[in-house]
$ cat query29.txt   # compact mmCIF, C-alpha atoms
# COMPACT_ATOMS: atom_id res chain seq x y z
CA MET J 1 181.50 250.53 223.99
CA LYS J 2 183.83 247.56 224.62
CA THR J 3 183.17 245.41 227.67
CA GLU J 4 185.58 243.18 229.52
CA PRO J 5 185.13 239.47 228.90
CA GLU J 6 183.51 237.49 231.71
CA HIS J 7 186.28 234.93 231.98
CA LYS J 8 188.87 237.59 232.86
CA ASP J 9 187.40 238.07 236.35
CA LYS J 10 187.03 234.35 236.85
CA TYR J 11 190.69 233.56 236.15
CA ASN J 12 192.62 236.34 237.79
CA SER J 13 195.93 235.35 239.36
CA GLY J 14 194.58 235.18 242.93
CA SER J 15 191.84 232.70 242.18
CA VAL J 16 194.08 230.55 239.98
CA PHE J 17 196.59 230.30 242.84
CA LYS J 18 193.81 229.33 245.24
CA ILE J 19 192.53 226.68 242.83
CA GLN J 20 196.05 225.26 242.31
CA LEU J 21 196.67 225.26 246.07
CA LEU J 22 193.38 223.41 246.62
CA PHE J 23 194.31 220.82 243.97
CA PHE J 24 197.73 220.40 245.61
CA ILE J 25 196.20 219.91 249.05
CA LYS J 26 193.61 217.52 247.65
CA ALA J 27 196.28 215.47 245.86
CA PHE J 28 198.71 215.32 248.80
CA TRP J 29 196.43 215.50 251.82
CA LYS J 30 197.69 212.21 253.27
CA THR J 31 201.33 213.28 253.02
CA ILE J 32 200.58 216.71 254.48
CA LEU J 33 198.63 215.14 257.35
CA ALA J 34 201.40 212.60 258.01
CA TRP J 35 204.05 215.33 258.22
CA ILE J 36 201.84 217.45 260.48
CA VAL J 37 201.52 214.44 262.81
CA ILE J 38 205.30 213.83 262.66
CA VAL J 39 206.17 217.46 263.41
CA THR J 40 203.61 217.57 266.22
CA PHE J 41 205.03 214.37 267.72
CA VAL J 42 208.58 215.76 267.60
CA VAL J 43 207.57 219.09 269.14
CA ILE J 44 205.64 217.36 271.94
CA GLY J 45 208.53 214.97 272.52
CA ILE J 46 211.04 217.80 272.78
CA HIS J 47 208.70 219.82 275.02
CA TYR J 48 208.22 216.95 277.47
CA ASP J 49 211.92 216.00 277.26
CA TRP J 50 211.41 212.48 275.95
CA ASP J 51 214.42 210.36 275.05
CA ASN J 52 215.74 211.15 271.56
CA SER J 53 215.71 207.51 270.53
CA VAL J 54 212.00 207.26 271.41
CA ILE J 55 211.23 210.33 269.32
CA GLY J 56 213.37 209.14 266.41
CA GLY J 57 212.02 205.61 266.54
CA GLY J 58 208.43 206.84 266.67
CA VAL J 59 209.00 209.13 263.71
CA VAL J 60 210.66 206.41 261.63
CA ILE J 61 207.99 203.81 262.39
CA PHE J 62 205.11 206.22 261.74
CA ALA J 63 206.73 207.61 258.58
CA ILE J 64 207.35 204.15 257.14
CA ILE J 65 203.83 202.97 257.92
CA SER J 66 202.22 206.14 256.55
CA GLN J 67 204.66 206.38 253.60
CA ALA J 68 205.47 209.97 254.57
CA PHE J 69 209.00 209.77 253.17
CA ILE J 70 207.73 208.62 249.77
CA GLY J 71 205.17 211.42 249.76
CA LEU J 72 207.89 213.95 250.57
CA ILE J 73 209.99 212.68 247.66
CA LYS J 74 206.93 213.03 245.39
CA ILE J 75 206.46 216.63 246.53
CA ILE J 76 210.16 217.35 245.95
CA GLY J 77 209.75 215.85 242.48
CA LEU J 78 207.18 218.55 241.66
CA ILE J 79 209.81 221.31 241.81
CA PRO J 80 210.41 222.43 238.22
CA VAL J 81 213.63 221.37 236.44
CA ILE J 82 215.69 220.02 239.39
CA GLY J 83 212.94 218.34 241.44
CA PRO J 84 212.76 215.11 239.41
CA PHE J 85 216.54 214.75 239.54
CA ILE J 86 216.66 215.26 243.30
CA ALA J 87 213.89 212.69 243.67
CA GLN J 88 215.89 210.24 241.55
CA VAL J 89 218.99 210.72 243.69
CA LEU J 90 217.01 210.20 246.89
CA ALA J 91 215.62 206.98 245.43
CA LEU J 92 219.04 205.53 244.56
CA PRO J 93 219.84 202.47 246.68
CA PHE J 94 223.56 203.34 246.55
CA TYR J 95 222.78 206.70 248.18
CA TRP J 96 220.94 205.02 251.05
CA LEU J 97 223.62 202.33 251.34
CA ILE J 98 226.35 204.95 251.88
CA ASN J 99 224.20 206.74 254.46
CA GLY J 100 223.31 203.49 256.25
CA VAL J 101 226.93 202.32 256.40
CA GLY J 102 227.85 205.75 257.75
CA TYR J 103 225.35 205.42 260.59
CA LEU J 104 226.47 201.88 261.36
CA VAL J 105 230.15 202.88 261.50
CA SER J 106 229.23 205.92 263.63
CA TRP J 107 227.36 203.73 266.09
CA VAL J 108 230.29 201.33 266.42
CA ALA J 109 232.79 204.19 266.78
CA ILE J 110 230.72 205.90 269.49
CA LYS J 111 230.46 202.62 271.41
CA ARG J 112 234.26 202.32 271.30
CA GLY J 113 234.82 205.88 272.54
CA TYR J 114 235.66 207.75 269.34
CA GLY J 115 232.90 210.36 269.72
CA LYS J 116 234.89 213.37 268.49
CA ASP J 117 236.12 211.53 265.42
CA VAL J 118 232.56 210.54 264.55
CA VAL J 119 231.54 214.18 264.22
CA ASN J 120 234.22 214.78 261.59
CA TYR J 121 233.35 211.55 259.81
CA ARG J 122 229.62 212.34 259.70
CA ILE J 123 230.30 215.82 258.34
CA LEU J 124 232.40 214.29 255.57
CA THR J 125 229.68 211.73 254.84
CA VAL J 126 226.99 214.41 254.61
CA VAL J 127 229.20 216.51 252.33
CA LEU J 128 229.81 213.44 250.15
CA LEU J 129 226.08 212.71 249.92
CA ILE J 130 225.26 216.32 249.08
CA GLY J 131 228.05 216.28 246.49
CA ILE J 132 226.63 213.12 244.92
CA ALA J 133 223.19 214.73 244.76
CA ILE J 134 224.50 217.98 243.24
CA GLY J 135 226.72 216.11 240.79
CA PHE J 136 223.83 213.88 239.70
CA VAL J 137 221.55 216.89 239.13
CA LEU J 138 224.22 218.85 237.24
CA GLY J 139 225.12 215.79 235.20
CA LYS J 140 221.50 215.35 234.12
CA LEU J 141 221.06 219.06 233.35
CA ILE J 142 224.26 219.43 231.33

$ encode --input "query29.txt" --output "structure tokens"
Amino acid sequence: MKTEPEHKDKYNSGSVFKIQLLFFIKAFWKTILAWIVIVTFVVIGIHYDWDNSVIGGGVVIFAIISQAFIGLIKIIGLIPVIGPFIAQVLALPFYWLINGVGYLVSWVAIKRGYGKDVVNYRILTVVLLIGIAIGFVLGKLI
């Protein structure tokens, strides 16, 4: 009579997933905790109707100090095939320079009373940035 090997029960798909999830949480616990704190801060700020600049400033300061953005890019880099390419695009200084100039121009335009034009401009900037990211990924894959 043939018996089932012992290791088959030990390594069924459910337990392997649990083990991998535990390793993931153990490896990225600081990033996960930082993003939980950020999301909680934003939800509390919206609930108590805090000023948007206070919420945004708090998130940026906390995320830079805790390196939450870098951790998020590392997690995105774990996605098979396209993750490393997306992480590379997000790390490009040119990418951040375009986005930063866009925010600066938007701020100046809003101060001068061109609020409706800023919306169109920001949409075009976001489409350009997404296009750069998609083009970079496709260029690396092809």

$ atom_distance --input "query29.txt" --atom1 "atom CA of Gly77 of chain J" --atom2 "atom CA of Thr125 of chain J"
23.8 Å

$ closest_residue --input "query29.txt" --among "J:Ala27, J:Leu141, J:Leu33, J:Val105" --to "Gln67 of chain J" --atoms "all atoms listed in the file"
J:Leu33

$ residues_around --input "query29.txt" --residues "segment 41-44 of chain J" --least-positions-apart "4" --cutoff "9 Å" --atoms "only C-alpha atoms" --output "PyMOL selection string"
chain J and resi 36-37+48-50+55-56+58-59

$ write_last_selection --input "query29.txt" --atoms "C-alpha atoms" --output "mmCIF file, in the frame of the given file"
data_model
loop_
_atom_site.group_PDB
_atom_site.id
_atom_site.type_symbol
_atom_site.label_atom_id
_atom_site.label_comp_id
_atom_site.auth_asym_id
_atom_site.auth_seq_id
_atom_site.Cartn_x
_atom_site.Cartn_y
_atom_site.Cartn_z
ATOM 1 C CA ILE J 36 201.840 217.450 260.480
ATOM 2 C CA VAL J 37 201.520 214.440 262.810
ATOM 3 C CA TYR J 48 208.220 216.950 277.470
ATOM 4 C CA ASP J 49 211.920 216.000 277.260
ATOM 5 C CA TRP J 50 211.410 212.480 275.950
ATOM 6 C CA ILE J 55 211.230 210.330 269.320
ATOM 7 C CA GLY J 56 213.370 209.140 266.410
ATOM 8 C CA GLY J 58 208.430 206.840 266.670
ATOM 9 C CA VAL J 59 209.000 209.130 263.710
#

$ residues_around --input "query29.txt" --residues "segment 132-139 of chain J" --least-positions-apart "6" --cutoff "7 Å" --atoms "all atoms listed in the file" --output "PyMOL selection string"
chain J and resi 82+85-86+89

$ atom_distance --input "query29.txt" --atom1 "atom CA of Ile73 of chain J" --atom2 "atom CA of Ala87 of chain J"
5.6 Å

$ closest_residue --input "query29.txt" --among "J:Thr40, J:Gln20, J:Thr31, J:Ser15" --to "Gly71 of chain J" --atoms "only C-alpha atoms"
J:Thr31

$ axis_aligned_box --input "query29.txt" --around "segment 14-27 of chain J" --padding-each-side "8 Å" --output "lines of an AutoDock Vina configuration file"
center_x = 194.8
center_y = 225.3
center_z = 244.5
size_x = 21.9
size_y = 35.7
size_z = 25.1

$ atom_distance --input "query29.txt" --atom1 "atom CA of Leu128 of chain J" --atom2 "atom CA of Ile38 of chain J"
27.5 Å

$ residues_around --input "query29.txt" --residues "Leu124 of chain J" --least-positions-apart "5" --cutoff "12 Å" --atoms "only C-alpha atoms" --output "PyMOL selection string"
chain J and resi 98-99+102+117-119+129-131

$ closest_residue --input "query29.txt" --among "J:Tyr121, J:Phe94, J:Phe69, J:Trp107" --to "Lys30 of chain J" --atoms "all atoms listed in the file"
J:Phe69
